[in-house]
Amino acid sequence: MKVLILSTYEHSGGAAIAASRLMKALRKNGVEASLLCRRNICCGPQGLRKQSWTSIMERGIIWMMNGFSRKDLWATDIALLGQDVTHTDEFRQADVIHLHWVNQGFLSLGIIEKIIKSGKRVVWTMHDAWNTMGAYHLAIQRRESWLERWTWKRKTRLYEQGGISFVACSRWLREEAENSPLMSQLRVRNIPNPIDTSVFHPVCHADTRRVLFVAQRSDNPMKGIQYLDEAAKMLDGVEIVALGRDIPYIYDEKDMAQLYASVDAFVLPSLSENLPNTIMEAMACGTPCVGFDIGGIPEMIDHKQNGYVARYKDATDLAEGIRFVLDNRETLGLAARDKVMREYSEEMVAKRYVEVYESC
């Protein structure tokens, strides 16, 4: 069986990292898997070099459709323009086409329709709520607009054709799909992302009462660092390390694993999340986590068993959670590592995806 994974990016962002990790997990478990990403342009202004011409043009269309307003420019995707991957050797040789996060000018809805009509088996893993709505990726940002309704109608026509096996990374996202009028008649499975537990593993270290926060863009209000800053004022003798603000973001997995394992707690006060890689990585390193009761976070963190689930947008309870995990780090850390080994291992996730491929 040959599987072609399609992802806009290879390493940039949680969805891309999850797609790359799945490819490696499949290969380790006997599946011939490859990854095809959107081509990057190599000229033009520095700020656009990570964008393809299809992405740039689509941003322009959204900008005009929004009345020349930058509002929601990056919160939406209309999947109008894309790259025809059906002409590639990788596509022709594959038995299964596995879509992941394919927005920002990589695959259009028209190209996805062409993929379905090719007769290949098609699996689509959802990494946010974009599949369940029109143009928006997050329900918390969604607003009624012509752009939203127009994209919704185009997705409806695509989904009515069938031929796609949908997978959600979390039970929360599966429930979002089941409750969405757009996807309520479609079957959606739930399979978590995999993680290499030989890279992300515990190490012995002294009790430092250091707490880690990680975000590529810490100034993104959706990551909730403002609540961590407020909680920090209520904590004595605790050092907050903010990767992406206080120190540069680290892209090397081994270096990240060492950092996770060297701290006593990991905190992710995000306002919207699916199944965050960062929490999984920290747990694999035996570091207990604290997060808000939102999205897939309470599926990963079992409250007061391997971490702490704080009340949504409650900085006081966030501070209480940090105190709790620091006071019970050893017991919670062992339980966190055990859960990752049981539910998120490469072997387990690869096996479940093979079952999906064979049943398409």
# chains A, B, ... in the order shown; residues from 1 in each chain; ligands from 1
>>> residues_around(residues="segment 168-172 of chain A", least_positions_apart="3", cutoff="9 Å", atoms="only C-alpha atoms", output="ChimeraX atom specification")
/A:124-128,175-177,188-193,274-275,294-296,299
>>> write_last_selection(atoms="all heavy atoms", output="compact mmCIF listing (two decimals), in the first residue's frame")
# COMPACT_ATOMS: atom_id res chain seq x y z
N TRP A 124 -9.20 12.32 4.88
CA TRP A 124 -8.95 13.73 5.21
C TRP A 124 -8.93 13.89 6.72
O TRP A 124 -9.94 13.73 7.39
CB TRP A 124 -10.03 14.62 4.60
CG TRP A 124 -9.67 16.08 4.55
CD1 TRP A 124 -8.68 16.72 5.23
CD2 TRP A 124 -10.31 17.09 3.75
NE1 TRP A 124 -8.66 18.04 4.92
CE2 TRP A 124 -9.65 18.32 4.00
CE3 TRP A 124 -11.38 17.07 2.86
CZ2 TRP A 124 -10.04 19.51 3.40
CZ3 TRP A 124 -11.77 18.26 2.25
CH2 TRP A 124 -11.09 19.47 2.52
N THR A 125 -7.75 14.17 7.27
CA THR A 125 -7.62 14.42 8.71
C THR A 125 -7.82 15.90 8.99
O THR A 125 -7.12 16.75 8.42
CB THR A 125 -6.23 13.99 9.22
OG1 THR A 125 -6.13 12.56 9.11
CG2 THR A 125 -6.06 14.38 10.68
N MET A 126 -8.75 16.20 9.86
CA MET A 126 -9.07 17.59 10.22
C MET A 126 -8.21 18.01 11.41
O MET A 126 -8.15 17.32 12.42
CB MET A 126 -10.55 17.72 10.57
CG MET A 126 -11.49 17.28 9.46
SD MET A 126 -13.23 17.55 9.88
CE MET A 126 -13.41 16.41 11.25
N HIS A 127 -7.56 19.17 11.27
CA HIS A 127 -6.72 19.68 12.35
C HIS A 127 -7.31 20.92 13.02
O HIS A 127 -6.78 21.41 14.01
CB HIS A 127 -5.32 19.99 11.83
CG HIS A 127 -4.55 18.76 11.45
ND1 HIS A 127 -3.86 18.01 12.36
CD2 HIS A 127 -4.39 18.15 10.25
CE1 HIS A 127 -3.29 16.98 11.75
NE2 HIS A 127 -3.60 17.04 10.47
N ASP A 128 -8.38 21.45 12.45
CA ASP A 128 -9.15 22.52 13.08
C ASP A 128 -10.58 22.40 12.56
O ASP A 128 -10.92 21.41 11.89
CB ASP A 128 -8.55 23.91 12.84
CG ASP A 128 -8.43 24.26 11.36
OD1 ASP A 128 -9.26 23.79 10.55
OD2 ASP A 128 -7.50 25.00 10.99
N GLU A 175 -16.97 15.62 17.54
CA GLU A 175 -18.30 16.08 17.98
C GLU A 175 -18.68 17.38 17.28
O GLU A 175 -19.85 17.59 16.95
CB GLU A 175 -18.31 16.25 19.49
CG GLU A 175 -18.21 14.92 20.24
CD GLU A 175 -17.98 15.10 21.73
OE1 GLU A 175 -17.92 16.27 22.18
OE2 GLU A 175 -17.85 14.08 22.44
N GLU A 176 -17.71 18.27 17.05
CA GLU A 176 -17.99 19.49 16.31
C GLU A 176 -18.49 19.16 14.91
O GLU A 176 -19.41 19.80 14.40
CB GLU A 176 -16.72 20.35 16.22
CG GLU A 176 -16.30 21.00 17.52
CD GLU A 176 -17.24 22.10 17.95
OE1 GLU A 176 -17.40 23.08 17.21
OE2 GLU A 176 -17.82 21.97 19.05
N ALA A 177 -17.87 18.17 14.29
CA ALA A 177 -18.29 17.75 12.94
C ALA A 177 -19.68 17.13 12.97
O ALA A 177 -20.53 17.43 12.12
CB ALA A 177 -17.28 16.76 12.37
N VAL A 188 -17.33 10.39 10.81
CA VAL A 188 -16.04 10.94 11.18
C VAL A 188 -15.43 10.07 12.28
O VAL A 188 -16.04 9.87 13.33
CB VAL A 188 -16.16 12.39 11.68
CG1 VAL A 188 -14.79 12.94 12.06
CG2 VAL A 188 -16.82 13.28 10.63
N ARG A 189 -14.25 9.53 12.01
CA ARG A 189 -13.54 8.75 13.01
C ARG A 189 -12.67 9.68 13.86
O ARG A 189 -12.40 10.80 13.48
CB ARG A 189 -12.65 7.70 12.34
CG ARG A 189 -13.41 6.64 11.53
CD ARG A 189 -12.41 5.78 10.79
NE ARG A 189 -12.98 4.65 10.09
CZ ARG A 189 -13.45 4.69 8.85
NH1 ARG A 189 -13.42 5.82 8.17
NH2 ARG A 189 -13.93 3.60 8.27
N ASN A 190 -12.21 9.16 14.98
CA ASN A 190 -11.32 9.92 15.86
C ASN A 190 -10.01 9.15 16.04
O ASN A 190 -10.01 8.05 16.58
CB ASN A 190 -12.01 10.16 17.21
CG ASN A 190 -11.05 10.62 18.29
OD1 ASN A 190 -11.13 10.20 19.42
ND2 ASN A 190 -10.12 11.50 17.93
N ILE A 191 -8.90 9.73 15.56
CA ILE A 191 -7.58 9.13 15.73
C ILE A 191 -6.62 10.26 16.14
O ILE A 191 -6.52 11.26 15.43
CB ILE A 191 -7.05 8.47 14.44
CG1 ILE A 191 -8.03 7.41 13.95
CG2 ILE A 191 -5.68 7.85 14.68
CD1 ILE A 191 -7.64 6.77 12.62
N PRO A 192 -5.91 10.13 17.24
CA PRO A 192 -5.00 11.19 17.68
C PRO A 192 -3.75 11.24 16.82
O PRO A 192 -3.48 10.34 16.01
CB PRO A 192 -4.66 10.79 19.11
CG PRO A 192 -4.78 9.30 19.12
CD PRO A 192 -5.93 8.99 18.19
N ASN A 193 -2.98 12.31 16.98
CA ASN A 193 -1.69 12.42 16.31
C ASN A 193 -0.68 11.52 17.01
O ASN A 193 -0.78 11.29 18.21
CB ASN A 193 -1.19 13.87 16.34
CG ASN A 193 -2.15 14.82 15.66
OD1 ASN A 193 -2.77 14.48 14.66
ND2 ASN A 193 -2.28 16.02 16.20
N ASN A 274 -7.23 22.12 19.27
CA ASN A 274 -7.73 20.81 18.87
C ASN A 274 -7.06 19.76 19.75
O ASN A 274 -7.54 19.43 20.82
CB ASN A 274 -7.43 20.57 17.38
CG ASN A 274 -7.94 19.21 16.90
OD1 ASN A 274 -8.76 18.59 17.53
ND2 ASN A 274 -7.40 18.75 15.78
N LEU A 275 -5.92 19.23 19.32
CA LEU A 275 -5.15 18.27 20.11
C LEU A 275 -3.71 18.76 20.05
O LEU A 275 -2.93 18.29 19.23
CB LEU A 275 -5.28 16.86 19.53
CG LEU A 275 -4.86 15.72 20.46
CD1 LEU A 275 -5.98 15.41 21.46
CD2 LEU A 275 -4.52 14.47 19.66
N ILE A 294 -10.93 23.52 27.22
CA ILE A 294 -11.37 23.92 25.88
C ILE A 294 -10.87 22.91 24.86
O ILE A 294 -9.77 22.36 25.00
CB ILE A 294 -10.87 25.35 25.53
CG1 ILE A 294 -11.54 25.87 24.26
CG2 ILE A 294 -9.37 25.37 25.41
CD1 ILE A 294 -13.00 26.16 24.40
N GLY A 295 -11.66 22.66 23.81
CA GLY A 295 -11.25 21.79 22.72
C GLY A 295 -10.83 20.41 23.19
O GLY A 295 -11.49 19.78 24.02
N GLY A 296 -9.70 19.91 22.66
CA GLY A 296 -9.23 18.58 23.00
C GLY A 296 -8.33 18.53 24.21
O GLY A 296 -7.86 17.44 24.58
N GLU A 299 -9.19 16.09 26.96
CA GLU A 299 -9.02 14.70 26.55
C GLU A 299 -7.60 14.23 26.84
O GLU A 299 -7.36 13.05 27.12
CB GLU A 299 -9.28 14.53 25.05
CG GLU A 299 -10.68 14.86 24.62
CD GLU A 299 -10.83 14.82 23.11
OE1 GLU A 299 -10.12 14.02 22.46
OE2 GLU A 299 -11.64 15.58 22.56
>>> select_by_dssp(residues="segment 148-324 of chain A", states="alpha helix (DSSP H)", output="PyMOL selection string")
chain A and resi 148-160+171-178+225-232+253-262+277-284+297-300+315-324
>>> residues_around(residues="segment 59-73 of chain A", least_positions_apart="5", cutoff="9 Å", atoms="only C-alpha atoms", output="PyMOL selection string")
chain A and resi 54+78+104-105+136+141+145-147
>>> write_last_selection(atoms="N, CA and C atoms", output="CSV table (one decimal), in the first residue's frame")
chain,number,residue,atom,x,y,z
A,54,THR,N,-0.7,31.1,-5.5
A,54,THR,CA,-2.1,30.8,-5.3
A,54,THR,C,-2.5,31.4,-3.9
A,78,ILE,N,-10.9,30.2,1.6
A,78,ILE,CA,-12.0,29.9,0.7
A,78,ILE,C,-11.7,28.8,-0.3
A,104,GLN,N,-4.5,27.8,2.3
A,104,GLN,CA,-3.6,28.8,1.9
A,104,GLN,C,-3.0,28.5,0.5
A,105,GLY,N,-3.8,28.2,-0.4
A,105,GLY,CA,-3.4,28.1,-1.8
A,105,GLY,C,-2.8,26.8,-2.2
A,136,TYR,N,-14.2,30.0,7.9
A,136,TYR,CA,-13.4,30.2,9.1
A,136,TYR,C,-12.8,28.9,9.6
A,141,GLN,N,-13.9,32.7,16.2
A,141,GLN,CA,-13.7,33.8,15.3
A,141,GLN,C,-14.8,34.0,14.3
A,145,SER,N,-21.2,36.1,7.2
A,145,SER,CA,-20.8,37.0,6.1
A,145,SER,C,-21.0,36.3,4.8
A,146,TRP,N,-21.0,37.1,3.7
A,146,TRP,CA,-21.2,36.5,2.4
A,146,TRP,C,-20.1,35.5,2.1
A,147,LEU,N,-18.9,35.8,2.5
A,147,LEU,CA,-17.8,34.9,2.3
A,147,LEU,C,-18.0,33.5,3.0
>>> select_by_dssp(residues="segment 197-244 of chain A", states="strand (DSSP E)", output="list of chain:residue names")
A:Arg210, A:Val211, A:Leu212, A:Phe213, A:Val214, A:Glu239, A:Ile240, A:Val241, A:Ala242, A:Leu243
>>> closest_atom_pairs(of="segment 141-242 of chain A", to="segment 324-327 of chain A", cutoff="10 Å", atoms="only C-alpha atoms", output="CSV")
residue,atom,partner,partner_atom,distance
A:Asp207,CA,A:Leu326,CA,9.0
A:Thr208,CA,A:Leu326,CA,9.5
A:Arg209,CA,A:Leu326,CA,6.5
A:Arg210,CA,A:Leu326,CA,8.7
A:Val211,CA,A:Leu326,CA,8.7
A:Val238,CA,A:Leu326,CA,9.2
>>> residues_around(residues="Ala79 of chain A", least_positions_apart="2", cutoff="12 Å", atoms="only C-alpha atoms", output="PyMOL selection string")
chain A and resi 54-55+57-59+61-62+76-77+81-83+101-113+130-131+134-136+147-148+150-152+154-155+158
>>> residues_around(residues="segment 318-321 of chain A", least_positions_apart="3", cutoff="12 Å", atoms="only C-alpha atoms", output="count of residues only")
48
>>> residues_around(residues="Glu160 of chain A", least_positions_apart="4", cutoff="12 Å", atoms="only C-alpha atoms", output="list of chain:residue names")
A:Glu113, A:Ile116, A:Lys153, A:Arg154, A:Lys155, A:Thr156, A:Ile164, A:Leu182, A:Met183, A:Ser184, A:Gln185, A:Leu186
>>> write_last_selection(atoms="C-alpha atoms", output="compact mmCIF listing (two decimals), in the first residue's frame")
# COMPACT_ATOMS: atom_id res chain seq x y z
CA GLU A 113 -13.10 17.13 -6.23
CA ILE A 116 -12.07 12.18 -5.46
CA LYS A 153 -22.32 26.13 -0.21
CA ARG A 154 -19.26 25.05 -2.18
CA LYS A 155 -18.25 22.61 0.58
CA THR A 156 -21.79 21.24 0.66
CA ILE A 164 -13.93 11.05 1.59
CA LEU A 182 -22.46 20.70 6.99
CA MET A 183 -21.06 17.34 8.17
CA SER A 184 -23.79 15.80 10.34
CA GLN A 185 -24.56 13.10 7.74
CA LEU A 186 -20.92 12.11 7.31
>>> residues_around(residues="His98 of chain A", least_positions_apart="5", cutoff="9 Å", atoms="only C-alpha atoms", output="PyMOL selection string")
chain A and resi 3-7+121-125
>>> closest_residue(among="A:Lys223, A:His11, A:Lys28, A:Arg342", to="Ser272 of chain A", atoms="only C-alpha atoms")
A:Lys223
>>> atom_distance(atom1="atom CA of Met23 of chain A", atom2="atom CA of Glu347 of chain A")
11.9 Å
